[in-house]
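J.: Dropping the structure in here first, questions after.
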Number of protein chains: 2
Amino acid sequence: MCNSFNKKFLDEASKMYEQNDDPINEHEMFMSMAIDLAKKGMENEEGGPFGCIIVKDGKVIGKGNNKVTGTNDPTAHAEVVAIRDACAHLQDFQLTGCTIYATCEPCPMCLGAIYWARPEEVFYGALKGDAAKIGFDDQFIYEELDIEISNRKISFQQISRNESIKLFEIWENNDRKKPY
Amino acid sequence: MCNSFNKKFLDEASKMYEQNDDPINEHEMFMSMAIDLAKKGMENEEGGPFGCIIVKDGKVIGKGNNKVTGTNDPTAHAEVVAIRDACAHLQDFQLTGCTIYATCEPCPMCLGAIYWARPEEVFYGALKGDAAKIGFDDQFIYEELDIEISNRKISFQQISRNESIKLFEIWENNDRKKPY
């Protein structure tokens, strides 16, 4: 899938590159692919105006657009979809040496996903403030993260700590564990 | 799947409830199910020591354990897996009126996922500091979120803002859009 995807998009991007009087650089070219994914996702009523491309050694290895409403999955942001796609392609849970192109500054969920995937670098297009202007909650969630957990808008309560910590002892004593 | 899952776990939990001299309450009972999921996930070498149960109207409608290494998916934290499961069950991208039971204080990715799913409340077991002690990056990612984006450990660079913002104009002008 990724190969045919690569070919089609690289062909289109190369054409655009040649036709453009003010040629865009490699990073802008990959970002234009992410923008195109976002457009197509909106056309197909899959979700919001966000796209993401993941590149390794100059090749697209993952792609995603927002699919929250189309798949009834609140975690299906463009970056999360693309990270899952790239990891499936690499058969690895790490994106070592990869570059992520996201059409908007990542929300806290996507930023967390990026840190867990550990890519080399991230390029982003619009700012979180731009997303807030059209009604997306990114800024609100960033603010909630800075508030003491007991004071947040969603109620968070701590229970069963002793029982839960026992899981960590099992993990530490498991010689077969695969750290991540 | 959820029905048989409910029956089996509710039977086990009820038995535990009756046998216990110091009976646990309803919230501790659901948390014990999440703990059990985490144990089974480790036994099956699916991932780390974390489990999650999602409940609506007294019934388990979603479940998850960490499956990062087992599925090569860095986003497959217990909470994300359970949110996706619950949303598939409800056929909705919102968890209105639901309660989430997570065996550990959510990492920034999972906290973001929780805010996007918008449940009623969250109960959590171990603290993020407990997870840090056995080598999980939650605390590091929380710290990175508070640092100016240009100073973070992973390189973040802003490009193509004008082109990316055009996506938001398309979104705003689309009468068929489904806000989320």
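In the structure tokens, chains take letters A, B, ... by order of appearance, with residues numbered from 1 within each chain and ligands from 1 in the order shown.
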List every residue of region 7-168 of chain A that DSSP, applied to the backbone of this structure, places in alpha helix (DSSP H), and write the result as a JSON list (two decimals) with C-alpha atoms, in the first residue's frame.
T.:
```
[["chain", "number", "residue", "atom", "x", "y", "z"],
["A", 7, "LYS", "CA", 4.54, 6.58, -6.22],
["A", 8, "LYS", "CA", 1.29, 8.47, -6.74],
["A", 9, "PHE", "CA", 2.08, 11.24, -4.28],
["A", 10, "LEU", "CA", 5.71, 11.60, -5.27],
["A", 11, "ASP", "CA", 4.64, 11.90, -8.92],
["A", 12, "GLU", "CA", 2.12, 14.60, -8.03],
["A", 13, "ALA", "CA", 4.56, 16.39, -5.76],
["A", 14, "SER", "CA", 7.33, 16.28, -8.39],
["A", 15, "LYS", "CA", 4.95, 17.76, -10.97],
["A", 16, "MET", "CA", 4.00, 20.51, -8.55],
["A", 17, "TYR", "CA", 7.68, 21.11, -7.81],
["A", 18, "GLU", "CA", 8.50, 21.51, -11.53],
["A", 19, "GLN", "CA", 5.53, 23.76, -12.26],
["A", 26, "GLU", "CA", 11.71, 18.93, 0.41],
["A", 27, "HIS", "CA", 10.02, 19.62, 3.74],
["A", 28, "GLU", "CA", 7.37, 21.81, 2.15],
["A", 29, "MET", "CA", 6.80, 19.10, -0.46],
["A", 30, "PHE", "CA", 6.08, 16.48, 2.20],
["A", 31, "MET", "CA", 3.89, 18.96, 4.07],
["A", 32, "SER", "CA", 1.91, 19.54, 0.86],
["A", 33, "MET", "CA", 1.22, 15.80, 0.78],
["A", 34, "ALA", "CA", -0.09, 15.97, 4.35],
["A", 35, "ILE", "CA", -2.28, 18.95, 3.36],
["A", 36, "ASP", "CA", -3.61, 16.97, 0.41],
["A", 37, "LEU", "CA", -4.48, 14.03, 2.69],
["A", 38, "ALA", "CA", -6.41, 16.37, 4.98],
["A", 39, "LYS", "CA", -8.37, 17.77, 2.03],
["A", 40, "LYS", "CA", -9.28, 14.32, 0.74],
["A", 41, "GLY", "CA", -10.29, 13.24, 4.26],
["A", 42, "MET", "CA", -12.70, 16.15, 4.52],
["A", 43, "GLU", "CA", -14.08, 15.44, 1.04],
["A", 68, "VAL", "CA", -12.58, 10.75, 14.36],
["A", 69, "THR", "CA", -16.15, 11.01, 13.10],
["A", 70, "GLY", "CA", -15.78, 8.60, 10.18],
["A", 71, "THR", "CA", -14.57, 5.73, 12.37],
["A", 78, "ALA", "CA", -4.03, 12.46, 11.80],
["A", 79, "GLU", "CA", -0.76, 12.01, 13.74],
["A", 80, "VAL", "CA", -2.01, 8.94, 15.67],
["A", 81, "VAL", "CA", -3.35, 7.35, 12.45],
["A", 82, "ALA", "CA", -0.03, 8.04, 10.68],
["A", 83, "ILE", "CA", 2.11, 6.78, 13.58],
["A", 84, "ARG", "CA", 0.12, 3.53, 13.70],
["A", 85, "ASP", "CA", 0.45, 3.21, 9.91],
["A", 86, "ALA", "CA", 4.20, 3.86, 9.93],
["A", 87, "CYS", "CA", 4.82, 1.45, 12.82],
["A", 88, "ALA", "CA", 2.81, -1.27, 11.04],
["A", 89, "HIS", "CA", 4.93, -0.63, 7.94],
["A", 90, "LEU", "CA", 8.22, -0.79, 9.88],
["A", 108, "PRO", "CA", -1.44, 16.99, 23.83],
["A", 109, "MET", "CA", -2.63, 13.49, 22.84],
["A", 110, "CYS", "CA", -0.68, 13.57, 19.58],
["A", 111, "LEU", "CA", 2.33, 15.18, 21.23],
["A", 112, "GLY", "CA", 2.34, 12.33, 23.75],
["A", 113, "ALA", "CA", 2.01, 9.78, 20.93],
["A", 114, "ILE", "CA", 4.96, 11.43, 19.15],
["A", 115, "TYR", "CA", 7.14, 11.22, 22.28],
["A", 116, "TRP", "CA", 6.27, 7.54, 22.76],
["A", 117, "ALA", "CA", 7.07, 6.83, 19.07],
["A", 128, "LYS", "CA", -2.64, 25.45, 18.01],
["A", 129, "GLY", "CA", -4.13, 28.95, 18.30],
["A", 130, "ASP", "CA", -5.23, 28.70, 14.65],
["A", 131, "ALA", "CA", -7.05, 25.43, 15.47],
["A", 132, "ALA", "CA", -8.66, 26.97, 18.55],
["A", 133, "LYS", "CA", -10.13, 29.74, 16.36],
["A", 138, "ASP", "CA", -6.31, 21.70, 21.83],
["A", 139, "GLN", "CA", -5.67, 24.88, 23.81],
["A", 140, "PHE", "CA", -8.22, 23.91, 26.47],
["A", 141, "ILE", "CA", -6.56, 20.51, 26.94],
["A", 142, "TYR", "CA", -3.10, 22.11, 27.18],
["A", 143, "GLU", "CA", -4.50, 24.34, 29.95],
["A", 144, "GLU", "CA", -6.07, 21.39, 31.78],
["A", 145, "LEU", "CA", -2.71, 19.61, 31.83],
["A", 161, "ARG", "CA", -2.97, 2.50, 44.69],
["A", 162, "ASN", "CA", -1.48, -0.44, 46.62],
["A", 163, "GLU", "CA", -3.20, -3.03, 44.41],
["A", 164, "SER", "CA", -2.18, -1.15, 41.24],
["A", 165, "ILE", "CA", 1.46, -0.81, 42.29],
["A", 166, "LYS", "CA", 1.68, -4.60, 42.56],
["A", 167, "LEU", "CA", 1.48, -4.66, 38.74],
["A", 168, "PHE", "CA", 4.78, -2.78, 38.63]]
```
J.: Report the residues of region 6-134 of chain B whose backbone DSSP state falls under strand (DSSP E), written as a PyMOL selection string.
T.: chain B and resi 51-56+59-65+99-104+121-126
J.: As an exercise, work out the distance from CA of Lys67 (chain B) to CA of Gly47 (chain B) in Å and give it to one decimal place.
T.: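 Here the two named atoms are 4.6 Å from each other.
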J.: Enter the distance from CA of Asn25 (chain B) to CA of Glu169 (chain A), in Å, rounded to one decimal.
T.: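 That distance, rounded to one decimal, is 24.4 Å.
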J.: If you measure from CA of Lys63 (chain A) to CA of Ile154 (chain B), what distance in Å do you get, rounded to one decimal?
T.: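 CA of Ile154 (chain B) lies at a distance of 19.9 Å from CA of Lys63 (chain A).
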J.: Counting only C-alpha atoms, which of B:Thr103, B:Phe50, B:Leu95, B:Gly58 gets nearest to His77 (chain B)?
T.: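 Using only C-alpha atoms, the shortest distance to His77 (chain B) belongs to B:Phe50.
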J.: Show which residues sit within 12 Å of Pro179 (chain A), as a VMD selection string. Count only C-alpha atoms, and ignore same-chain residues fewer than 3 positions away.
T.: (chain A and resid 93 to 94 171 to 172 174 to 176) or (chain B and resid 42 45 to 49 67 to 70 74 134 to 137)
